[in-house]
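The structure file entry-v8.cif is reproduced below (mmCIF, C-alpha atoms).
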```cif
data_query
loop_
_atom_site.group_PDB
_atom_site.id
_atom_site.type_symbol
_atom_site.label_atom_id
_atom_site.label_comp_id
_atom_site.auth_asym_id
_atom_site.auth_seq_id
_atom_site.Cartn_x
_atom_site.Cartn_y
_atom_site.Cartn_z
ATOM 1 C CA MET W 1 18.763 12.597 48.060
ATOM 2 C CA PHE W 2 16.906 15.021 50.313
ATOM 3 C CA PRO W 3 17.697 18.758 50.314
ATOM 4 C CA ASP W 4 19.428 20.098 53.415
ATOM 5 C CA GLU W 5 17.233 23.189 53.479
ATOM 6 C CA ALA W 6 13.603 23.913 52.587
ATOM 7 C CA ILE W 7 12.013 27.264 51.728
ATOM 8 C CA ILE W 8 8.477 27.815 53.000
ATOM 9 C CA VAL W 9 6.276 30.691 51.802
ATOM 10 C CA THR W 10 3.334 31.700 53.994
ATOM 11 C CA GLN W 11 1.676 35.117 54.229
ATOM 12 C CA SER W 12 0.185 34.672 57.682
ATOM 13 C CA GLY W 13 2.630 32.157 59.095
ATOM 14 C CA GLU W 14 -0.319 30.295 60.619
ATOM 15 C CA THR W 15 -1.545 27.994 57.829
ATOM 16 C CA ALA W 16 -2.080 24.555 59.377
ATOM 17 C CA ASP W 17 -0.853 22.376 56.516
ATOM 18 C CA VAL W 18 2.271 24.538 56.087
ATOM 19 C CA LEU W 19 3.069 24.292 59.796
ATOM 20 C CA SER W 20 2.560 20.521 59.698
ATOM 21 C CA ALA W 21 4.996 20.218 56.790
ATOM 22 C CA MET W 22 7.523 22.420 58.593
ATOM 23 C CA LYS W 23 7.419 20.230 61.686
ATOM 24 C CA ARG W 24 7.981 17.087 59.603
ATOM 25 C CA LEU W 25 10.907 18.750 57.844
ATOM 26 C CA LYS W 26 12.431 19.728 61.172
ATOM 27 C CA ALA W 27 11.960 16.202 62.489
ATOM 28 C CA ALA W 28 13.848 14.918 59.439
ATOM 29 C CA GLY W 29 16.771 17.203 60.224
ATOM 30 C CA ILE W 30 16.139 19.607 57.332
ATOM 31 C CA LYS W 31 16.744 23.292 57.996
ATOM 32 C CA THR W 32 13.838 25.579 57.179
ATOM 33 C CA LEU W 33 13.769 29.125 55.870
ATOM 34 C CA VAL W 34 10.344 30.745 56.045
ATOM 35 C CA ILE W 35 9.190 33.788 54.058
ATOM 36 C CA THR W 36 6.316 35.389 55.946
ATOM 37 C CA ASN W 37 4.589 38.709 56.455
ATOM 38 C CA VAL W 38 3.720 38.396 60.140
ATOM 39 C CA PRO W 39 6.370 38.914 62.835
ATOM 40 C CA GLY W 40 6.030 36.497 65.719
ATOM 41 C CA SER W 41 3.864 34.065 63.743
ATOM 42 C CA THR W 42 4.066 30.355 64.474
ATOM 43 C CA ALA W 43 5.999 29.680 61.277
ATOM 44 C CA SER W 44 8.620 32.271 62.189
ATOM 45 C CA ARG W 45 9.089 30.624 65.593
ATOM 46 C CA VAL W 46 9.397 27.123 64.153
ATOM 47 C CA ALA W 47 11.765 28.065 61.301
ATOM 48 C CA ASP W 48 15.552 28.148 61.569
ATOM 49 C CA THR W 49 15.682 31.353 59.503
ATOM 50 C CA THR W 50 12.962 33.893 58.756
ATOM 51 C CA VAL W 51 12.679 36.471 55.983
ATOM 52 C CA TYR W 52 10.020 39.065 56.831
ATOM 53 C CA LEU W 53 8.189 40.660 53.919
ATOM 54 C CA LYS W 54 7.319 43.860 55.826
ATOM 55 C CA ALA W 55 4.443 44.457 53.409
ATOM 56 C CA GLY W 56 2.100 45.604 56.156
ATOM 57 C CA PRO W 57 -1.174 43.940 57.165
ATOM 58 C CA GLU W 58 -3.488 42.714 54.408
ATOM 59 C CA ALA W 59 -6.926 44.377 54.492
ATOM 60 C CA SER W 60 -8.751 41.344 53.095
ATOM 61 C CA VAL W 61 -8.403 37.711 52.061
ATOM 62 C CA ALA W 62 -7.032 38.827 48.689
ATOM 63 C CA ALA W 63 -3.350 39.140 49.590
ATOM 64 C CA THR W 64 -2.057 41.487 46.900
ATOM 65 C CA LYS W 65 0.896 43.449 48.268
ATOM 66 C CA SER W 66 2.244 40.464 50.219
ATOM 67 C CA PHE W 67 2.104 38.319 47.073
ATOM 68 C CA MET W 68 4.227 40.888 45.257
ATOM 69 C CA ALA W 69 6.596 41.036 48.216
ATOM 70 C CA GLN W 70 6.885 37.234 48.194
ATOM 71 C CA LEU W 71 7.929 37.328 44.544
ATOM 72 C CA ILE W 72 10.620 39.907 45.258
ATOM 73 C CA ALA W 73 11.883 37.952 48.267
ATOM 74 C CA LEU W 74 12.242 34.817 46.127
ATOM 75 C CA TYR W 75 14.080 36.755 43.422
ATOM 76 C CA LYS W 76 16.469 38.130 46.055
ATOM 77 C CA LEU W 77 17.192 34.598 47.276
ATOM 78 C CA VAL W 78 17.933 33.457 43.727
ATOM 79 C CA LEU W 79 20.155 36.462 43.019
ATOM 80 C CA SER W 80 22.192 35.763 46.156
ATOM 81 C CA HIS W 81 22.827 32.134 45.224
ATOM 82 C CA PRO W 82 26.493 31.499 44.360
ATOM 83 C CA ALA W 83 25.625 29.234 41.420
ATOM 84 C CA ILE W 84 23.827 31.919 39.395
ATOM 85 C CA ASP W 85 25.462 33.093 36.170
ATOM 86 C CA LEU W 86 27.102 36.445 36.925
ATOM 87 C CA GLU W 87 26.002 38.070 33.673
ATOM 88 C CA VAL W 88 22.389 37.024 34.224
ATOM 89 C CA ARG W 89 22.586 38.187 37.840
ATOM 90 C CA ASP W 90 23.790 41.649 36.813
ATOM 91 C CA GLN W 91 21.023 41.940 34.210
ATOM 92 C CA LEU W 92 18.360 40.941 36.691
ATOM 93 C CA ILE W 93 19.661 43.218 39.445
ATOM 94 C CA SER W 94 19.558 46.130 37.018
ATOM 95 C CA GLU W 95 15.961 45.293 36.066
ATOM 96 C CA VAL W 96 14.910 44.773 39.698
ATOM 97 C CA LEU W 97 16.207 48.223 40.609
ATOM 98 C CA ARG W 98 14.038 49.663 37.833
ATOM 99 C CA LEU W 99 10.927 47.757 38.922
ATOM 100 C CA PRO W 100 9.330 50.617 40.940
ATOM 101 C CA ALA W 101 9.350 52.866 37.864
ATOM 102 C CA THR W 102 8.357 49.964 35.609
ATOM 103 C CA LEU W 103 5.364 49.042 37.760
ATOM 104 C CA GLN W 104 4.296 52.674 37.959
ATOM 105 C CA ARG W 105 4.001 52.642 34.157
ATOM 106 C CA VAL W 106 1.455 49.822 34.352
ATOM 107 C CA PHE W 107 -1.022 52.458 35.521
ATOM 108 C CA GLU W 108 -0.749 54.129 32.121
ATOM 109 C CA SER W 109 -3.066 51.332 30.967
ATOM 110 C CA GLU W 110 -5.462 51.703 33.905
ATOM 111 C CA ALA W 111 -8.308 53.199 31.845
ATOM 112 C CA HIS W 112 -8.120 50.273 29.434
ATOM 113 C CA ILE W 113 -7.927 47.770 32.310
ATOM 114 C CA ILE W 114 -11.134 49.304 33.684
ATOM 115 C CA GLU W 115 -12.884 48.714 30.363
ATOM 116 C CA CYS W 116 -11.638 45.111 30.321
ATOM 117 C CA ALA W 117 -12.951 44.697 33.872
ATOM 118 C CA ARG W 118 -16.324 46.081 32.772
ATOM 119 C CA TYR W 119 -16.511 43.313 30.156
ATOM 120 C CA VAL W 120 -15.362 40.575 32.549
ATOM 121 C CA SER W 121 -17.859 41.697 35.214
ATOM 122 C CA LYS W 122 -20.778 40.771 32.949
ATOM 123 C CA TYR W 123 -19.851 37.086 33.013
ATOM 124 C CA ASP W 124 -20.064 34.465 35.738
ATOM 125 C CA ASN W 125 -17.050 32.548 34.440
ATOM 126 C CA ALA W 126 -13.556 33.561 33.365
ATOM 127 C CA PHE W 127 -10.366 31.760 32.469
ATOM 128 C CA PHE W 128 -6.702 32.706 32.789
ATOM 129 C CA ILE W 129 -3.965 30.983 30.816
ATOM 130 C CA GLY W 130 -0.179 31.154 30.813
ATOM 131 C CA ARG W 131 2.915 29.109 30.085
ATOM 132 C CA GLY W 132 6.214 28.590 31.871
ATOM 133 C CA ILE W 133 6.852 30.997 34.729
ATOM 134 C CA ASN W 134 3.632 32.870 33.936
ATOM 135 C CA PHE W 135 1.375 29.863 34.499
ATOM 136 C CA PRO W 136 1.417 30.422 38.299
ATOM 137 C CA VAL W 137 0.603 34.097 37.635
ATOM 138 C CA ALA W 138 -2.456 32.994 35.636
ATOM 139 C CA VAL W 139 -3.553 30.910 38.623
ATOM 140 C CA GLU W 140 -2.960 33.885 40.919
ATOM 141 C CA GLY W 141 -4.977 36.175 38.627
ATOM 142 C CA ALA W 142 -7.892 33.749 38.669
ATOM 143 C CA LEU W 143 -7.670 33.493 42.448
ATOM 144 C CA LYS W 144 -7.824 37.266 42.894
ATOM 145 C CA LEU W 145 -10.842 37.569 40.583
ATOM 146 C CA LYS W 146 -12.643 34.850 42.563
ATOM 147 C CA GLU W 147 -11.814 36.350 45.916
ATOM 148 C CA VAL W 148 -13.013 39.903 45.295
ATOM 149 C CA SER W 149 -15.627 39.716 42.516
ATOM 150 C CA TYR W 150 -17.110 36.261 43.221
ATOM 151 C CA ILE W 151 -16.783 35.382 39.530
ATOM 152 C CA HIS W 152 -15.922 31.731 38.971
ATOM 153 C CA ALA W 153 -12.391 31.884 37.559
ATOM 154 C CA GLU W 154 -9.789 29.218 36.851
ATOM 155 C CA GLY W 155 -6.144 29.413 35.859
ATOM 156 C CA TYR W 156 -4.746 26.839 33.446
ATOM 157 C CA ALA W 157 -1.481 25.960 31.794
ATOM 158 C CA ALA W 158 -2.163 26.942 28.187
ATOM 159 C CA GLY W 159 -0.690 23.698 26.881
ATOM 160 C CA GLU W 160 -3.260 21.662 28.832
ATOM 161 C CA LEU W 161 -6.396 23.362 27.504
ATOM 162 C CA LYS W 162 -7.302 20.445 25.252
ATOM 163 C CA HIS W 163 -7.489 18.102 28.230
ATOM 164 C CA GLY W 164 -10.880 19.255 29.524
ATOM 165 C CA PRO W 165 -10.967 23.072 29.848
ATOM 166 C CA PHE W 166 -11.746 23.526 26.122
ATOM 167 C CA ALA W 167 -15.182 22.075 26.771
ATOM 168 C CA LEU W 168 -15.933 24.978 29.120
ATOM 169 C CA LEU W 169 -15.258 27.698 26.556
ATOM 170 C CA TYR W 170 -18.268 29.323 24.913
ATOM 171 C CA PRO W 171 -18.818 32.424 22.752
ATOM 172 C CA GLY W 172 -17.907 35.612 24.572
ATOM 173 C CA VAL W 173 -16.477 34.052 27.734
ATOM 174 C CA PRO W 174 -13.455 36.104 28.868
ATOM 175 C CA VAL W 175 -10.061 34.426 28.662
ATOM 176 C CA VAL W 176 -7.076 36.369 30.005
ATOM 177 C CA ALA W 177 -3.856 35.244 28.299
ATOM 178 C CA LEU W 178 -0.432 36.105 29.696
ATOM 179 C CA VAL W 179 1.911 36.486 26.741
ATOM 180 C CA SER W 180 5.578 36.807 27.640
ATOM 181 C CA GLN W 181 8.325 37.151 25.047
ATOM 182 C CA ASP W 182 10.254 34.082 26.111
ATOM 183 C CA SER W 183 10.803 30.552 24.815
ATOM 184 C CA ASN W 184 7.072 29.843 25.227
ATOM 185 C CA TYR W 185 5.953 32.748 23.033
ATOM 186 C CA GLU W 186 5.151 30.851 19.825
ATOM 187 C CA SER W 187 3.386 28.072 21.710
ATOM 188 C CA MET W 188 1.347 30.678 23.573
ATOM 189 C CA LEU W 189 0.202 32.234 20.297
ATOM 190 C CA THR W 190 -0.891 28.793 19.099
ATOM 191 C CA SER W 191 -2.932 28.297 22.268
ATOM 192 C CA ILE W 192 -4.583 31.688 21.797
ATOM 193 C CA LYS W 193 -5.587 30.796 18.244
ATOM 194 C CA GLU W 194 -7.199 27.618 19.544
ATOM 195 C CA VAL W 195 -9.109 29.588 22.192
ATOM 196 C CA LYS W 196 -10.276 32.122 19.617
ATOM 197 C CA ALA W 197 -11.548 29.277 17.451
ATOM 198 C CA ARG W 198 -14.077 28.639 20.252
ATOM 199 C CA GLN W 199 -15.199 32.290 19.939
ATOM 200 C CA ALA W 200 -13.989 33.209 23.418
ATOM 201 C CA TYR W 201 -13.161 36.852 24.160
ATOM 202 C CA VAL W 202 -9.389 36.946 24.636
ATOM 203 C CA ILE W 203 -7.759 39.684 26.707
ATOM 204 C CA ALA W 204 -3.991 39.483 26.284
ATOM 205 C CA VAL W 205 -1.531 40.890 28.806
ATOM 206 C CA ALA W 206 1.473 41.481 26.581
ATOM 207 C CA ASP W 207 4.782 43.313 26.341
ATOM 208 C CA GLU W 208 4.593 46.839 24.958
ATOM 209 C CA ASN W 209 6.995 45.780 22.184
ATOM 210 C CA ASP W 210 4.907 42.821 21.019
ATOM 211 C CA ASN W 211 3.733 43.722 17.507
ATOM 212 C CA ARG W 212 2.088 40.383 16.667
ATOM 213 C CA ILE W 213 -0.459 39.897 19.411
ATOM 214 C CA ASP W 214 -3.064 42.509 18.371
ATOM 215 C CA SER W 215 -4.318 40.588 15.355
ATOM 216 C CA LEU W 216 -4.845 37.390 17.374
ATOM 217 C CA VAL W 217 -6.913 38.637 20.321
ATOM 218 C CA ASN W 218 -9.877 40.877 21.071
ATOM 219 C CA THR W 219 -7.941 43.397 23.125
ATOM 220 C CA VAL W 220 -4.478 43.875 24.649
ATOM 221 C CA ILE W 221 -3.380 45.228 28.017
ATOM 222 C CA ARG W 222 0.125 46.509 27.415
ATOM 223 C CA VAL W 223 2.758 46.177 30.127
ATOM 224 C CA PRO W 224 6.223 47.772 30.220
ATOM 225 C CA HIS W 225 9.098 45.753 28.838
ATOM 226 C CA THR W 226 11.306 43.981 31.347
ATOM 227 C CA HIS W 227 13.514 40.888 31.492
ATOM 228 C CA TYR W 228 11.305 37.870 30.799
ATOM 229 C CA LEU W 229 12.295 36.314 34.126
ATOM 230 C CA LEU W 230 10.727 39.314 35.875
ATOM 231 C CA SER W 231 7.571 39.305 33.765
ATOM 232 C CA PRO W 232 5.559 37.600 36.555
ATOM 233 C CA VAL W 233 6.013 40.701 38.719
ATOM 234 C CA VAL W 234 4.885 43.102 35.997
ATOM 235 C CA ASN W 235 2.004 40.884 34.831
ATOM 236 C CA THR W 236 0.579 40.523 38.326
ATOM 237 C CA VAL W 237 -0.352 44.204 38.679
ATOM 238 C CA PRO W 238 -2.867 44.450 35.793
ATOM 239 C CA LEU W 239 -4.490 41.219 36.995
ATOM 240 C CA GLN W 240 -4.952 42.687 40.465
ATOM 241 C CA LEU W 241 -6.445 45.844 38.960
ATOM 242 C CA LEU W 242 -8.708 43.758 36.734
ATOM 243 C CA ALA W 243 -10.091 41.918 39.757
ATOM 244 C CA TYR W 244 -10.546 45.118 41.758
ATOM 245 C CA TYR W 245 -12.497 46.941 39.071
ATOM 246 C CA ALA W 246 -14.552 43.874 38.127
ATOM 247 C CA ALA W 247 -15.651 43.699 41.757
ATOM 248 C CA ASN W 248 -16.547 47.391 41.627
ATOM 249 C CA PHE W 249 -18.703 46.908 38.545
ATOM 250 C CA ARG W 250 -20.514 43.996 40.174
ATOM 251 C CA GLY W 251 -21.236 46.060 43.280
ATOM 252 C CA CYS W 252 -19.237 43.804 45.577
ATOM 253 C CA PRO W 253 -18.513 45.134 49.081
ATOM 254 C CA LEU W 254 -15.020 46.595 49.317
ATOM 255 C CA ILE W 255 -13.166 47.514 52.475
ATOM 256 C CA PHE W 256 -11.065 50.184 50.816
ATOM 257 C CA HIS W 257 -12.615 53.276 49.250
ATOM 258 C CA GLY W 258 -10.834 56.101 47.466
ATOM 259 C CA THR W 259 -7.854 56.357 45.165
ATOM 260 C CA TRP W 260 -5.046 53.825 45.265
ATOM 261 C CA PRO W 261 -1.757 55.447 46.226
ATOM 262 C CA ARG W 262 0.811 55.496 43.449
ATOM 263 C CA VAL W 263 3.931 54.109 45.087
#
```
Once you've parsed the file, please lay out its structure as structure tokens.
Amino acid sequence: MFPDEAIIVTQSGETADVLSAMKRLKAAGIKTLVITNVPGSTASRVADTTVYLKAGPEASVAATKSFMAQLIALYKLVLSHPAIDLEVRDQLISEVLRLPATLQRVFESEAHIIECARYVSKYDNAFFIGRGINFPVAVEGALKLKEVSYIHAEGYAAGELKHGPFALLYPGVPVVALVSQDSNYESMLTSIKEVKARQAYVIAVADENDNRIDSLVNTVIRVPHTHYLLSPVVNTVPLQLLAYYAANFRGCPLIFHGTWPRV
């Protein structure tokens, strides 16, 4: 059975392979809803329905604010779905409304993130690992580090490390581990122990209430507590900061200069 509607996510609305897929979907009679940041883009003209992010233009290839806006747009779609459990919906809506204040608290760890970035900047390779809904965030964190600091970085599902990536670990290499207090927590700790056995330098991004992680890693970036389903939003911010400051330490050219606005 084919779905009767497809959701397409594209920052620019002009990506060739996305547009090709949209046209094939339309030809098959499937309605398309596009989430994009650019009014009047080709994707918005082809789609049956368009959700605009209104994140403003991106200043560089590293799409940071639009990525965050895409996450929120997807959460809003889920929360509006009639099949969602009402109790879960109310919990998530409450947490979403608190997200601005929650994300602002991430900056309480900014000085420590800068020190982590100083360490990462000394290496030409870095790895990001996560499980469940935070695996894509690990991939996104690696992408941002590549794009702005030119450090070779890869994101992996922590459960797949033994199938090749383990061979790339060496003493001191930075490994950023996203540790969310969800059903994958214990498995994530096991993966971290395996990484540490290779003498890698593990930087954990973990909940402020996690009292087990410190003894297993080299250092911890604490993030404010939120519902585990919203942890990808909160975990993304320190990864963006890590990439930004690593690029600074490596002397990479940056378009923006000054102090980031606290919004």
Convert the output of the PyMOL selection byres ((chain W and resi 94-111) around 7) on the shown file into explicit residues, formatted as a PyMOL selection string.
chain W and resi 90-93+112-115+221-224+226-227+234
Keeping only C-alpha atoms, write the selected residues as a short mmCIF file (atom, residue, chain, number, x, y, z; two decimals), in the coordinates of the input.
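Saved result, again_9.cif, follows:
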```cif
data_model
loop_
_atom_site.label_atom_id
_atom_site.label_comp_id
_atom_site.auth_asym_id
_atom_site.auth_seq_id
_atom_site.Cartn_x
_atom_site.Cartn_y
_atom_site.Cartn_z
CA ASP W 90 23.79 41.65 36.81
CA GLN W 91 21.02 41.94 34.21
CA LEU W 92 18.36 40.94 36.69
CA ILE W 93 19.66 43.22 39.44
CA HIS W 112 -8.12 50.27 29.43
CA ILE W 113 -7.93 47.77 32.31
CA ILE W 114 -11.13 49.30 33.68
CA GLU W 115 -12.88 48.71 30.36
CA ILE W 221 -3.38 45.23 28.02
CA ARG W 222 0.12 46.51 27.42
CA VAL W 223 2.76 46.18 30.13
CA PRO W 224 6.22 47.77 30.22
CA THR W 226 11.31 43.98 31.35
CA HIS W 227 13.51 40.89 31.49
CA VAL W 234 4.88 43.10 36.00
#
```
So what does the PyMOL selection byres ((chain W and resi 12) around 7) actually pick up in this one, as a PyMOL selection string?
chain W and resi 10-11+13-15+36-38
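Counting all atoms listed in the file, the residue from W:Ala167, W:Cys116, W:Leu239, W:Val88 that sits nearest to Tyr201 in chain W is W:Cys116.
In this structure, CA of Gly155 in chain W sits 11.4 Å away from CA of Asn125 in chain W.
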Extract, using only C-alpha atoms, all DNA, RNA and protein residues at most 12 Å from Glu194 in chain W, discarding same-chain residues fewer than 2 positions from it, and format them as number ranges by chain.
W: 158-162, 165-166, 169, 175, 187-192, 196-202, 216-217
Listing only residues of range 20-87 of chain W within 12 Å of range 137-151 of chain W, what is the closest atom pair and its distance in Å (to one decimal) for each, using all atoms listed in the file, sorted by chain and residue number ascending, as a tab-separated table?
```
residue	atom	partner	partner_atom	distance
W:Ala59	CA	W:Val148	CA	11.9
W:Ser60	CA	W:Val148	CA	9.0
W:Val61	CA	W:Glu147	CA	7.2
W:Ala62	CA	W:Lys144	CA	6.1
W:Ala63	CA	W:Lys144	CA	8.3
W:Thr64	CA	W:Lys144	CA	8.2
W:Lys65	CA	W:Lys144	CA	12.0
W:Phe67	CA	W:Glu140	CA	9.1
W:Met68	CA	W:Val137	CA	10.8
W:Leu71	CA	W:Val137	CA	10.6
```
Using all atoms listed in the file, determine which residues lie at most 10 Å from Ile72 in chain W, disregarding the query and same-chain residues fewer than 5 positions distant; provide the list as a PyMOL selection string.
chain W and resi 53+66-67+77-78+96+230+233
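With all atoms listed in the file as the atoms that count, the minimum distance from Asn218 in chain W to the choices W:Cys252, W:Leu74, W:Val18, W:Ala177 is reached by W:Ala177.
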Tyr119 in chain W environment, 10 Å, all atoms listed in the file, sequence neighbours closer than 6 positions dropped, as a compact mmCIF listing (two decimals) with C-alpha atoms, in the frame of the given file:
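Listing of out_4.txt after writing:
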```
# COMPACT_ATOMS: atom_id res chain seq x y z
CA ILE W 113 -7.93 47.77 32.31
CA GLY W 172 -17.91 35.61 24.57
CA VAL W 173 -16.48 34.05 27.73
CA PRO W 174 -13.46 36.10 28.87
CA TYR W 201 -13.16 36.85 24.16
CA ALA W 246 -14.55 43.87 38.13
CA PHE W 249 -18.70 46.91 38.54
```
Here's the selection I'm unsure about, the PyMOL selection byres ((chain W and resi 209) around 10); applied to the file above, which residues does it give, as a VMD selection string?
chain W and resid 181 206 to 208 210 to 213 222 to 225
Å distance separating CA of Thr32 in chain W from CA of Val51 in chain W, one decimal place
11.0 Å
Between CA of Asn134 in chain W and CA of Ser183 in chain W lies a distance of 11.8 Å
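Shortest atom-to-atom contact with Ala47 in chain W among W:Ala126, W:Ala21, W:Leu86, W:Leu242: W:Ala21, counting only C-alpha atoms.
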For range 178-206 of chain W, where the input has fewer atoms than it should, I would like N, CA and C atoms rebuilt and written as a CSV table (one decimal), in the frame of the given file.
```csv
chain,number,residue,atom,x,y,z
W,178,LEU,N,-1.7,35.5,29.4
W,178,LEU,CA,-0.4,36.1,29.7
W,178,LEU,C,0.6,35.7,28.6
W,179,VAL,N,1.0,36.7,27.9
W,179,VAL,CA,1.9,36.5,26.7
W,179,VAL,C,3.3,37.1,27.0
W,180,SER,N,4.2,36.3,27.4
W,180,SER,CA,5.6,36.8,27.6
W,180,SER,C,6.5,36.5,26.5
W,181,GLN,N,7.4,37.4,26.2
W,181,GLN,CA,8.3,37.2,25.0
W,181,GLN,C,9.5,36.3,25.5
W,182,ASP,N,9.2,35.0,25.7
W,182,ASP,CA,10.3,34.1,26.1
W,182,ASP,C,10.2,32.9,25.2
W,183,SER,N,10.8,31.8,25.6
W,183,SER,CA,10.8,30.6,24.8
W,183,SER,C,9.4,29.9,24.6
W,184,ASN,N,8.4,30.4,25.4
W,184,ASN,CA,7.1,29.8,25.2
W,184,ASN,C,6.2,30.7,24.3
W,185,TYR,N,6.8,31.8,23.8
W,185,TYR,CA,6.0,32.7,23.0
W,185,TYR,C,5.2,32.1,21.9
W,186,GLU,N,5.8,31.4,21.0
W,186,GLU,CA,5.2,30.9,19.8
W,186,GLU,C,4.1,29.9,20.2
W,187,SER,N,4.4,29.0,21.2
W,187,SER,CA,3.4,28.1,21.7
W,187,SER,C,2.2,28.8,22.3
W,188,MET,N,2.4,29.9,23.0
W,188,MET,CA,1.3,30.7,23.6
W,188,MET,C,0.4,31.2,22.5
W,189,LEU,N,1.0,31.7,21.4
W,189,LEU,CA,0.2,32.2,20.3
W,189,LEU,C,-0.7,31.1,19.7
W,190,THR,N,-0.1,29.9,19.6
W,190,THR,CA,-0.9,28.8,19.1
W,190,THR,C,-2.1,28.5,20.0
W,191,SER,N,-1.8,28.5,21.3
W,191,SER,CA,-2.9,28.3,22.3
W,191,SER,C,-4.0,29.4,22.1
W,192,ILE,N,-3.6,30.6,21.9
W,192,ILE,CA,-4.6,31.7,21.8
W,192,ILE,C,-5.4,31.5,20.6
W,193,LYS,N,-4.8,31.1,19.5
W,193,LYS,CA,-5.6,30.8,18.2
W,193,LYS,C,-6.6,29.7,18.5
W,194,GLU,N,-6.3,28.7,19.3
W,194,GLU,CA,-7.2,27.6,19.5
W,194,GLU,C,-8.4,28.1,20.4
W,195,VAL,N,-8.1,29.0,21.3
W,195,VAL,CA,-9.1,29.6,22.2
W,195,VAL,C,-10.0,30.5,21.4
W,196,LYS,N,-9.5,31.3,20.5
W,196,LYS,CA,-10.3,32.1,19.6
W,196,LYS,C,-11.2,31.3,18.7
W,197,ALA,N,-10.7,30.1,18.3
W,197,ALA,CA,-11.5,29.3,17.5
W,197,ALA,C,-12.8,28.9,18.1
W,198,ARG,N,-12.9,28.9,19.5
W,198,ARG,CA,-14.1,28.6,20.3
W,198,ARG,C,-14.9,29.9,20.5
W,199,GLN,N,-14.5,31.0,19.9
W,199,GLN,CA,-15.2,32.3,19.9
W,199,GLN,C,-15.2,32.9,21.3
W,200,ALA,N,-14.2,32.5,22.1
W,200,ALA,CA,-14.0,33.2,23.4
W,200,ALA,C,-13.5,34.6,23.2
W,201,TYR,N,-13.6,35.5,24.2
W,201,TYR,CA,-13.2,36.9,24.2
W,201,TYR,C,-11.8,36.9,24.9
W,202,VAL,N,-10.7,37.1,24.1
W,202,VAL,CA,-9.4,36.9,24.6
W,202,VAL,C,-8.8,38.3,25.0
W,203,ILE,N,-8.4,38.5,26.2
W,203,ILE,CA,-7.8,39.7,26.7
W,203,ILE,C,-6.3,39.3,26.9
W,204,ALA,N,-5.4,39.8,26.1
W,204,ALA,CA,-4.0,39.5,26.3
W,204,ALA,C,-3.3,40.5,27.2
W,205,VAL,N,-2.5,40.0,28.1
W,205,VAL,CA,-1.5,40.9,28.8
W,205,VAL,C,-0.2,40.7,28.2
W,206,ALA,N,0.3,41.7,27.4
W,206,ALA,CA,1.5,41.5,26.6
W,206,ALA,C,2.5,42.6,26.7
```
